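To be precise, the following lines are input.cif, and they hold mmCIF, C-alpha atoms, pLDDT in the B column; chains and numbers go by the auth columns.
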```cif
data_run
#
loop_
_atom_site.group_PDB
_atom_site.id
_atom_site.type_symbol
_atom_site.label_atom_id
_atom_site.label_comp_id
_atom_site.label_asym_id
_atom_site.label_seq_id
_atom_site.Cartn_x
_atom_site.Cartn_y
_atom_site.Cartn_z
_atom_site.B_iso_or_equiv
_atom_site.auth_seq_id
_atom_site.auth_asym_id
ATOM 1 C CA MET A 1 -14.608 133.202 10.854 39.00 941 A
ATOM 2 C CA THR A 2 -11.716 134.393 8.730 42.00 942 A
ATOM 3 C CA GLU A 3 -9.096 134.462 11.460 42.00 943 A
ATOM 4 C CA THR A 4 -8.747 130.653 11.474 48.00 944 A
ATOM 5 C CA LEU A 5 -7.920 130.460 7.793 44.00 945 A
ATOM 6 C CA ARG A 6 -4.386 130.698 6.464 45.00 946 A
ATOM 7 C CA PRO A 7 -4.056 132.506 4.167 49.00 947 A
ATOM 8 C CA PRO A 8 -6.953 134.622 5.413 66.00 948 A
ATOM 9 C CA VAL A 9 -10.087 134.991 3.337 75.00 949 A
ATOM 10 C CA GLN A 10 -10.944 138.460 2.085 77.00 950 A
ATOM 11 C CA THR A 11 -13.644 140.096 4.239 84.00 951 A
ATOM 12 C CA LEU A 12 -15.436 143.077 2.736 86.00 952 A
ATOM 13 C CA SER A 13 -18.013 145.369 4.311 86.00 953 A
ATOM 14 C CA MET A 14 -20.938 146.149 2.066 85.00 954 A
ATOM 15 C CA ARG A 15 -21.498 149.443 3.914 84.00 955 A
ATOM 16 C CA GLY A 16 -18.140 150.935 3.015 75.00 956 A
ATOM 17 C CA ALA A 17 -17.543 153.806 0.661 66.00 957 A
ATOM 18 C CA GLY A 18 -17.560 153.216 -3.045 82.00 958 A
ATOM 19 C CA ASP A 19 -18.472 150.298 -5.276 88.00 959 A
ATOM 20 C CA PRO A 20 -17.587 146.986 -3.545 89.00 960 A
ATOM 21 C CA TRP A 21 -18.194 144.731 -6.575 91.00 961 A
ATOM 22 C CA PRO A 22 -14.754 145.001 -8.231 92.00 962 A
ATOM 23 C CA LEU A 23 -13.155 143.957 -4.912 91.00 963 A
ATOM 24 C CA VAL A 24 -15.691 141.129 -4.543 92.00 964 A
ATOM 25 C CA ALA A 25 -14.847 139.906 -8.062 93.00 965 A
ATOM 26 C CA GLU A 26 -11.099 140.079 -7.380 92.00 966 A
ATOM 27 C CA ALA A 27 -11.349 138.191 -4.074 90.00 967 A
ATOM 28 C CA TYR A 28 -13.681 135.533 -5.482 90.00 968 A
ATOM 29 C CA THR A 29 -11.465 134.944 -8.521 89.00 969 A
ATOM 30 C CA ARG A 30 -8.368 134.648 -6.333 88.00 970 A
ATOM 31 C CA ASP A 31 -9.767 132.645 -3.391 88.00 971 A
ATOM 32 C CA GLY A 32 -13.031 131.065 -4.563 87.00 972 A
ATOM 33 C CA ILE A 33 -14.677 132.597 -1.497 87.00 973 A
ATOM 34 C CA VAL A 34 -15.348 136.044 -0.131 88.00 974 A
ATOM 35 C CA VAL A 35 -16.960 137.044 3.144 88.00 975 A
ATOM 36 C CA LEU A 36 -19.318 139.991 2.915 90.00 976 A
ATOM 37 C CA THR A 37 -20.289 141.739 6.134 87.00 977 A
ATOM 38 C CA GLU A 38 -23.308 143.987 6.524 87.00 978 A
ATOM 39 C CA ALA A 39 -24.736 142.636 3.281 88.00 979 A
ATOM 40 C CA LEU A 40 -28.346 142.667 4.501 87.00 980 A
ATOM 41 C CA GLU A 41 -30.220 145.417 6.261 87.00 981 A
ATOM 42 C CA ALA A 42 -31.558 144.483 9.723 88.00 982 A
ATOM 43 C CA PRO A 43 -35.203 144.242 8.549 89.00 983 A
ATOM 44 C CA ALA A 44 -34.274 141.803 5.745 88.00 984 A
ATOM 45 C CA LEU A 45 -32.320 139.638 8.190 90.00 985 A
ATOM 46 C CA ALA A 46 -35.257 139.708 10.629 91.00 986 A
ATOM 47 C CA ASP A 47 -37.562 138.633 7.785 90.00 987 A
ATOM 48 C CA LEU A 48 -35.253 135.714 6.970 92.00 988 A
ATOM 49 C CA ARG A 49 -35.218 134.657 10.624 93.00 989 A
ATOM 50 C CA ALA A 50 -39.020 134.753 10.699 93.00 990 A
ATOM 51 C CA GLU A 51 -39.214 132.727 7.476 93.00 991 A
ATOM 52 C CA ALA A 52 -36.825 130.120 8.897 94.00 992 A
ATOM 53 C CA GLU A 53 -38.846 129.855 12.097 94.00 993 A
ATOM 54 C CA ALA A 54 -42.103 129.523 10.134 94.00 994 A
ATOM 55 C CA ALA A 55 -40.539 126.774 7.990 94.00 995 A
ATOM 56 C CA ARG A 56 -39.308 124.938 11.105 94.00 996 A
ATOM 57 C CA ALA A 57 -42.751 125.191 12.726 95.00 997 A
ATOM 58 C CA GLN A 58 -44.380 123.831 9.570 94.00 998 A
ATOM 59 C CA VAL A 59 -42.030 120.843 9.504 94.00 999 A
ATOM 60 C CA ASP A 60 -42.598 120.173 13.207 94.00 1000 A
ATOM 61 C CA ALA A 61 -46.375 120.283 12.653 95.00 1001 A
ATOM 62 C CA ALA A 62 -46.069 117.814 9.755 94.00 1002 A
ATOM 63 C CA PHE A 63 -43.983 115.501 11.943 94.00 1003 A
ATOM 64 C CA ALA A 64 -46.611 115.693 14.693 93.00 1004 A
ATOM 65 C CA LEU A 65 -49.380 114.798 12.240 94.00 1005 A
ATOM 66 C CA SER A 66 -47.453 111.896 10.740 94.00 1006 A
ATOM 67 C CA GLY A 67 -46.170 110.508 14.034 92.00 1007 A
ATOM 68 C CA THR A 68 -42.561 110.628 12.826 89.00 1008 A
ATOM 69 C CA ALA A 69 -39.650 112.753 13.985 89.00 1009 A
ATOM 70 C CA SER A 70 -37.097 112.368 11.203 88.00 1010 A
ATOM 71 C CA HIS A 71 -37.053 112.531 7.416 87.00 1011 A
ATOM 72 C CA ALA A 72 -34.625 113.507 4.627 83.00 1012 A
ATOM 73 C CA GLY A 73 -31.907 115.161 6.726 79.00 1013 A
ATOM 74 C CA THR A 74 -34.312 116.653 9.247 88.00 1014 A
ATOM 75 C CA THR A 75 -34.742 115.544 12.845 87.00 1015 A
ATOM 76 C CA ALA A 76 -37.380 117.410 14.838 87.00 1016 A
ATOM 77 C CA GLY A 77 -35.868 119.608 17.534 85.00 1017 A
ATOM 78 C CA GLU A 78 -32.289 118.992 16.352 85.00 1018 A
ATOM 79 C CA ASN A 79 -31.554 119.860 12.741 88.00 1019 A
ATOM 80 C CA TYR A 80 -33.582 120.908 9.750 91.00 1020 A
ATOM 81 C CA SER A 81 -32.931 120.822 6.013 90.00 1021 A
ATOM 82 C CA ILE A 82 -35.815 122.666 4.348 93.00 1022 A
ATOM 83 C CA PRO A 83 -35.475 123.384 0.609 92.00 1023 A
ATOM 84 C CA GLY A 84 -37.610 125.293 -1.851 92.00 1024 A
ATOM 85 C CA ARG A 85 -39.161 127.938 0.379 92.00 1025 A
ATOM 86 C CA HIS A 86 -38.843 130.646 -2.288 92.00 1026 A
ATOM 87 C CA ARG A 87 -41.659 128.888 -4.166 92.00 1027 A
ATOM 88 C CA LEU A 88 -43.979 129.428 -1.209 91.00 1028 A
ATOM 89 C CA ARG A 89 -42.822 132.804 0.064 89.00 1029 A
ATOM 90 C CA PRO A 90 -42.695 135.785 -2.323 89.00 1030 A
ATOM 91 C CA ALA A 91 -40.412 137.718 0.051 87.00 1031 A
ATOM 92 C CA LEU A 92 -37.734 135.026 -0.270 90.00 1032 A
ATOM 93 C CA ALA A 93 -38.090 134.936 -4.041 91.00 1033 A
ATOM 94 C CA ALA A 94 -37.696 138.735 -4.094 91.00 1034 A
ATOM 95 C CA LEU A 95 -34.519 138.553 -1.988 90.00 1035 A
ATOM 96 C CA ILE A 96 -33.029 135.812 -4.164 90.00 1036 A
ATOM 97 C CA ALA A 97 -33.824 137.626 -7.412 91.00 1037 A
ATOM 98 C CA GLY A 98 -33.194 141.111 -6.043 90.00 1038 A
ATOM 99 C CA PRO A 99 -30.550 143.644 -7.039 90.00 1039 A
ATOM 100 C CA SER A 100 -27.994 142.645 -4.387 88.00 1040 A
ATOM 101 C CA MET A 101 -28.005 138.972 -5.363 90.00 1041 A
ATOM 102 C CA ARG A 102 -27.891 139.859 -9.068 92.00 1042 A
ATOM 103 C CA ALA A 103 -24.863 142.097 -8.448 92.00 1043 A
ATOM 104 C CA LEU A 104 -23.179 139.374 -6.376 92.00 1044 A
ATOM 105 C CA THR A 105 -23.799 136.816 -9.108 93.00 1045 A
ATOM 106 C CA ARG A 106 -22.436 139.107 -11.825 93.00 1046 A
ATOM 107 C CA ALA A 107 -19.306 139.835 -9.745 93.00 1047 A
ATOM 108 C CA THR A 108 -18.553 136.170 -9.080 93.00 1048 A
ATOM 109 C CA ILE A 109 -19.849 133.800 -11.764 92.00 1049 A
ATOM 110 C CA GLY A 110 -21.224 136.140 -14.421 92.00 1050 A
ATOM 111 C CA ALA A 111 -24.522 137.586 -15.566 89.00 1051 A
ATOM 112 C CA GLU A 112 -26.063 134.314 -16.736 88.00 1052 A
ATOM 113 C CA ALA A 113 -27.259 132.348 -13.710 87.00 1053 A
ATOM 114 C CA TRP A 114 -30.183 130.202 -12.616 88.00 1054 A
ATOM 115 C CA LEU A 115 -31.408 129.323 -9.166 88.00 1055 A
ATOM 116 C CA PHE A 116 -30.594 125.676 -8.453 86.00 1056 A
ATOM 117 C CA THR A 117 -31.973 125.529 -4.932 86.00 1057 A
ATOM 118 C CA ASP A 118 -32.619 127.487 -1.796 91.00 1058 A
ATOM 119 C CA GLN A 119 -32.459 125.826 1.578 92.00 1059 A
ATOM 120 C CA PHE A 120 -32.759 126.602 5.246 92.00 1060 A
ATOM 121 C CA LEU A 121 -30.185 124.554 7.167 89.00 1061 A
ATOM 122 C CA MET A 122 -30.724 124.825 10.901 88.00 1062 A
ATOM 123 C CA LYS A 123 -28.762 123.002 13.570 83.00 1063 A
ATOM 124 C CA GLY A 124 -29.910 123.111 17.155 76.00 1064 A
ATOM 125 C CA PRO A 125 -27.400 123.557 19.983 72.00 1065 A
ATOM 126 C CA ARG A 126 -27.351 119.851 20.814 67.00 1066 A
ATOM 127 C CA SER A 127 -27.529 118.486 17.295 67.00 1067 A
ATOM 128 C CA ARG A 128 -25.534 115.326 16.681 67.00 1068 A
ATOM 129 C CA MET A 129 -25.292 116.052 12.962 67.00 1069 A
ATOM 130 C CA ASP A 130 -21.927 116.985 11.494 67.00 1070 A
ATOM 131 C CA PHE A 131 -21.206 118.694 8.230 68.00 1071 A
ATOM 132 C CA ASN A 132 -17.863 117.222 7.288 70.00 1072 A
ATOM 133 C CA TRP A 133 -15.467 118.697 4.776 69.00 1073 A
ATOM 134 C CA HIS A 134 -16.940 118.845 1.299 70.00 1074 A
ATOM 135 C CA GLN A 135 -17.248 120.915 -1.821 73.00 1075 A
ATOM 136 C CA ASP A 136 -20.884 121.697 -2.519 76.00 1076 A
ATOM 137 C CA GLY A 137 -20.347 120.735 -6.171 74.00 1077 A
ATOM 138 C CA GLY A 138 -19.607 117.183 -5.016 72.00 1078 A
ATOM 139 C CA TYR A 139 -23.310 116.726 -4.281 73.00 1079 A
ATOM 140 C CA VAL A 140 -24.388 117.547 -7.838 77.00 1080 A
ATOM 141 C CA PRO A 141 -24.474 114.205 -9.679 77.00 1081 A
ATOM 142 C CA VAL A 142 -23.888 115.618 -13.182 80.00 1082 A
ATOM 143 C CA ALA A 143 -21.187 117.689 -14.845 79.00 1083 A
ATOM 144 C CA HIS A 144 -21.886 121.366 -14.220 77.00 1084 A
ATOM 145 C CA ARG A 145 -20.471 124.828 -14.569 80.00 1085 A
ATOM 146 C CA PRO A 146 -19.104 126.579 -11.480 79.00 1086 A
ATOM 147 C CA PHE A 147 -21.838 127.858 -9.220 84.00 1087 A
ATOM 148 C CA LEU A 148 -22.259 130.255 -6.354 88.00 1088 A
ATOM 149 C CA VAL A 149 -23.300 129.292 -2.837 88.00 1089 A
ATOM 150 C CA VAL A 150 -24.516 132.134 -0.647 90.00 1090 A
ATOM 151 C CA TRP A 151 -24.533 131.394 3.072 88.00 1091 A
ATOM 152 C CA ILE A 152 -26.461 133.846 5.239 90.00 1092 A
ATOM 153 C CA PRO A 153 -26.103 133.034 8.941 88.00 1093 A
ATOM 154 C CA LEU A 154 -29.246 134.010 10.810 88.00 1094 A
ATOM 155 C CA ASP A 155 -27.503 134.072 14.195 85.00 1095 A
ATOM 156 C CA PRO A 156 -24.102 135.438 15.195 83.00 1096 A
ATOM 157 C CA VAL A 157 -21.434 132.848 14.405 80.00 1097 A
ATOM 158 C CA ASP A 158 -17.818 132.309 15.285 77.00 1098 A
ATOM 159 C CA THR A 159 -15.407 129.385 15.471 74.00 1099 A
ATOM 160 C CA GLY A 160 -16.755 128.422 18.895 75.00 1100 A
ATOM 161 C CA ASN A 161 -20.410 128.007 17.924 72.00 1101 A
ATOM 162 C CA GLY A 162 -20.409 126.441 14.513 68.00 1102 A
ATOM 163 C CA THR A 163 -19.529 128.753 11.674 74.00 1103 A
ATOM 164 C CA ILE A 164 -18.536 127.311 8.344 76.00 1104 A
ATOM 165 C CA ARG A 165 -14.877 126.901 7.565 75.00 1105 A
ATOM 166 C CA ALA A 166 -13.615 127.385 4.057 77.00 1106 A
ATOM 167 C CA ILE A 167 -10.445 126.530 2.222 77.00 1107 A
ATOM 168 C CA PRO A 168 -9.298 129.274 -0.158 81.00 1108 A
ATOM 169 C CA PHE A 169 -7.993 128.186 -3.556 79.00 1109 A
ATOM 170 C CA GLY A 170 -4.442 128.919 -2.413 76.00 1110 A
ATOM 171 C CA ARG A 171 -4.629 125.987 0.031 77.00 1111 A
ATOM 172 C CA MET A 172 -6.229 123.528 -2.389 74.00 1112 A
ATOM 173 C CA PRO A 173 -4.050 120.989 -4.213 73.00 1113 A
ATOM 174 C CA GLU A 174 -5.923 121.852 -7.422 74.00 1114 A
ATOM 175 C CA ARG A 175 -8.656 124.279 -8.431 73.00 1115 A
ATOM 176 C CA GLN A 176 -11.130 121.539 -9.260 73.00 1116 A
ATOM 177 C CA LEU A 177 -13.733 119.289 -7.731 70.00 1117 A
ATOM 178 C CA LEU A 178 -12.090 116.636 -5.574 70.00 1118 A
ATOM 179 C CA PRO A 179 -13.424 113.081 -5.052 70.00 1119 A
ATOM 180 C CA HIS A 180 -16.062 112.859 -2.313 67.00 1120 A
ATOM 181 C CA ARG A 181 -16.999 110.042 0.028 68.00 1121 A
ATOM 182 C CA GLU A 182 -20.089 109.925 2.198 67.00 1122 A
ATOM 183 C CA HIS A 183 -19.306 110.256 5.888 61.00 1123 A
ATOM 184 C CA PRO A 184 -21.503 108.229 8.269 60.00 1124 A
ATOM 185 C CA THR A 185 -22.370 111.240 10.465 57.00 1125 A
ATOM 186 C CA ASN A 186 -23.374 113.572 7.601 54.00 1126 A
#
```
Write the structure described by the file as structure tokens, please.
Amino acid sequence: MTETLRPPVQTLSMRGAGDPWPLVAEAYTRDGIVVLTEALEAPALADLRAEAEAARAQVDAAFALSGTASHAGTTAGENYSIPGRHRLRPALAALIAGPSMRALTRATIGAEAWLFTDQFLMKGPRSRMDFNWHQDGGYVPVAHRPFLVVWIPLDPVDTGNGTIRAIPFGRMPERQLLPHREHPTN
């Protein structure tokens, strides 16, 4: 993921020696992004995969009952946008509010933070949906303080199979929210 970015984004292993949070804070302040590897133990990642699959199955079952195959950014068998699962699944709520996420929040945006949303975004291998360039803050329709987006890929990702791409602050014309336009394939 980071090798396609110039200048490269800081990648930090969470399994290294010492306290990683000062380096996380430094990288986030400088670049506006930091890539953390080995941030979740294998069982926690397996639990997230199972939760995502259960959410997808629930949506597919609802589509089957309603006789529809598409609604609100979700198309059965192709792509899924499923928000708010932490309200239904205590394990997700525990992960979101757990010590690792609290430490990440403190290192990046400060100790005072609230959960705005959680969301499973799943794209199938033949999905026709694109995620064009954007800043996540461009989708919030009111003035807001900076916020943190945590992306946890549930499958191995690289530039060939659909990882996110990010633009570090050093490549941005300004360190602010830029105007956004809806793209017809989003």
Item checked: Ala965 (chain A) surroundings by all atoms listed in the file, 9 Å radius, close-in-sequence under 4 positions cut, as a list in words -> Pro960, Trp961, Thr969, Arg970, Val974, Leu1044, Arg1046, Ala1047, Thr1048 and Ile1049 of chain A
Item checked: Interatomic distance (Å, one decimal) between CA of Val999 (chain A) and CA of Lys1063 (chain A) -> 14.0 Å
Next item on the list: Find the distance between CA of Glu966 (chain A) and CA of Gly1100 (chain A) and write it in Å to one decimal.
Entry: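 If I compute the distance from CA of Glu966 (chain A) to CA of Gly1100 (chain A), I get 29.3 Å.
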Margin query: Set the distance at 8 Å and use only C-alpha atoms: which residues neighbour Met954 (chain A) once local chain neighbours fewer than 5 positions away are removed? I'd like the list as number ranges by chain.
Written below: A: 960, 976-979
Next item on the list: Work out how far apart CA of Leu1061 (chain A) and CA of Glu1114 (chain A) are and give it in Å to one decimal.
Entry: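 CA of Leu1061 (chain A) sits 28.4 Å away from CA of Glu1114 (chain A).
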Next item on the list: Using only C-alpha atoms, find the one residue out of A:Asn1101, A:Glu991, A:Phe1060, A:Phe1087 that sits nearest to Arg1029 (chain A).
Entry: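 The closest residue to Arg1029 (chain A) is A:Glu991.
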Once you add 8 Å to each side, what are the centre and edge lengths of the axis-aligned box holding all listed atoms of region 1048-1063 of chain A? One decimal in Å, as AutoDock Vina command-line options, if you can.
```
--center_x -25.7 --center_y 130.3 --center_z -1.6 --size_x 30.2 --size_y 30.6 --size_z 46.3
```
Next item on the list: Pick out the closest residue to Trp1091 (chain A) from this set: A:Ala1033, A:Leu980, A:Leu1118, A:Ala1016. Count all atoms listed in the file.
Entry: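 Of all the options, A:Leu980 lies closest to Trp1091 (chain A).
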Next item on the list: Show which residues sit within 12 Å of Arg1025 (chain A), as a list in words. Count only C-alpha atoms, and ignore same-chain residues fewer than 3 positions away.
Entry: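 Those residues are Leu988, Glu991, Ala992, Glu993, Ala994, Ala995, Arg996, Gln998, Val999, Ser1021, Ile1022, Leu1028, Arg1029, Pro1030, Ala1031, Leu1032, Ala1033, Ala1034, Leu1035, Ile1036, Thr1057, Asp1058, Gln1059, Phe1060 and Leu1061 of chain A.
The closest residue to Pro1119 (chain A), picked from A:Thr1014, A:Gln1075, A:Gln950, A:Thr1099 and counting all atoms listed in the file, is A:Gln1075.
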Checklist line | Output check: residues returned by the PyMOL selection byres ((chain A and resi 971) around 7), as JSON, numbers by chain | finding: {"A": [967, 968, 969, 970, 972, 973, 1108, 1109, 1110]}
Next item on the list: Choose the residue, out of A:Phe1003, A:Arg989, A:Pro1023, A:Ala1053, that has the smallest atom-to-atom separation from Ala1037 (chain A); count all atoms listed in the file.
Entry: A:Ala1053
Check: Closest to Val949 (chain A) among A:Val964, A:Ala1106, A:Ala1004, A:Leu1088, using all atoms listed in the file?
Finding: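 Of A:Val964, A:Ala1106, A:Ala1004, A:Leu1088, the one nearest Val949 (chain A), counting all atoms listed in the file, is A:Ala1106.
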Margin query: Ranking A:Leu1117, A:Leu1094, A:Val1089, A:Met1041 by minimum distance to Ala982 (chain A) and counting only C-alpha atoms, which one comes first?
Written below: A:Leu1094
Can you complete the atoms of region 979-991 of chain A to N, CA, C and O atoms and list them as a PDB file, in the frame of the given file?
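And here's selection-v2.pdb as it stands now:
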```
ATOM      1  N   ALA A 979     -24.167 142.766   4.620  1.00 88.00           N
ATOM      2  CA  ALA A 979     -24.736 142.636   3.281  1.00 88.00           C
ATOM      3  C   ALA A 979     -26.245 142.780   3.275  1.00 88.00           C
ATOM      4  O   ALA A 979     -26.827 143.103   2.248  1.00 88.00           O
ATOM      5  N   LEU A 980     -26.897 142.525   4.400  1.00 87.00           N
ATOM      6  CA  LEU A 980     -28.346 142.667   4.501  1.00 87.00           C
ATOM      7  C   LEU A 980     -28.691 143.712   5.547  1.00 87.00           C
ATOM      8  O   LEU A 980     -28.053 143.776   6.595  1.00 87.00           O
ATOM      9  N   GLU A 981     -29.699 144.484   5.263  1.00 87.00           N
ATOM     10  CA  GLU A 981     -30.220 145.417   6.261  1.00 87.00           C
ATOM     11  C   GLU A 981     -30.894 144.614   7.373  1.00 87.00           C
ATOM     12  O   GLU A 981     -31.376 143.497   7.138  1.00 87.00           O
ATOM     13  N   ALA A 982     -30.957 145.178   8.572  1.00 88.00           N
ATOM     14  CA  ALA A 982     -31.558 144.483   9.723  1.00 88.00           C
ATOM     15  C   ALA A 982     -32.981 143.986   9.457  1.00 88.00           C
ATOM     16  O   ALA A 982     -33.306 142.855   9.824  1.00 88.00           O
ATOM     17  N   PRO A 983     -33.848 144.762   8.813  1.00 89.00           N
ATOM     18  CA  PRO A 983     -35.203 144.242   8.549  1.00 89.00           C
ATOM     19  C   PRO A 983     -35.198 142.997   7.647  1.00 89.00           C
ATOM     20  O   PRO A 983     -35.979 142.068   7.863  1.00 89.00           O
ATOM     21  N   ALA A 984     -34.334 142.971   6.639  1.00 88.00           N
ATOM     22  CA  ALA A 984     -34.274 141.803   5.745  1.00 88.00           C
ATOM     23  C   ALA A 984     -33.788 140.574   6.507  1.00 88.00           C
ATOM     24  O   ALA A 984     -34.304 139.467   6.318  1.00 88.00           O
ATOM     25  N   LEU A 985     -32.806 140.753   7.383  1.00 90.00           N
ATOM     26  CA  LEU A 985     -32.320 139.638   8.190  1.00 90.00           C
ATOM     27  C   LEU A 985     -33.406 139.159   9.153  1.00 90.00           C
ATOM     28  O   LEU A 985     -33.606 137.944   9.335  1.00 90.00           O
ATOM     29  N   ALA A 986     -34.148 140.089   9.743  1.00 91.00           N
ATOM     30  CA  ALA A 986     -35.257 139.708  10.629  1.00 91.00           C
ATOM     31  C   ALA A 986     -36.326 138.937   9.856  1.00 91.00           C
ATOM     32  O   ALA A 986     -36.880 137.953  10.363  1.00 91.00           O
ATOM     33  N   ASP A 987     -36.604 139.352   8.619  1.00 90.00           N
ATOM     34  CA  ASP A 987     -37.562 138.633   7.785  1.00 90.00           C
ATOM     35  C   ASP A 987     -37.081 137.213   7.504  1.00 90.00           C
ATOM     36  O   ASP A 987     -37.872 136.258   7.542  1.00 90.00           O
ATOM     37  N   LEU A 988     -35.790 137.055   7.209  1.00 92.00           N
ATOM     38  CA  LEU A 988     -35.253 135.714   6.970  1.00 92.00           C
ATOM     39  C   LEU A 988     -35.365 134.842   8.212  1.00 92.00           C
ATOM     40  O   LEU A 988     -35.702 133.652   8.122  1.00 92.00           O
ATOM     41  N   ARG A 989     -35.075 135.418   9.372  1.00 93.00           N
ATOM     42  CA  ARG A 989     -35.218 134.657  10.624  1.00 93.00           C
ATOM     43  C   ARG A 989     -36.662 134.202  10.815  1.00 93.00           C
ATOM     44  O   ARG A 989     -36.924 133.067  11.201  1.00 93.00           O
ATOM     45  N   ALA A 990     -37.603 135.096  10.560  1.00 93.00           N
ATOM     46  CA  ALA A 990     -39.020 134.753  10.699  1.00 93.00           C
ATOM     47  C   ALA A 990     -39.419 133.665   9.703  1.00 93.00           C
ATOM     48  O   ALA A 990     -40.172 132.747  10.050  1.00 93.00           O
ATOM     49  N   GLU A 991     -38.928 133.753   8.480  1.00 93.00           N
ATOM     50  CA  GLU A 991     -39.214 132.727   7.476  1.00 93.00           C
ATOM     51  C   GLU A 991     -38.642 131.375   7.900  1.00 93.00           C
ATOM     52  O   GLU A 991     -39.295 130.333   7.748  1.00 93.00           O
TER      53      GLU A 991
END
```
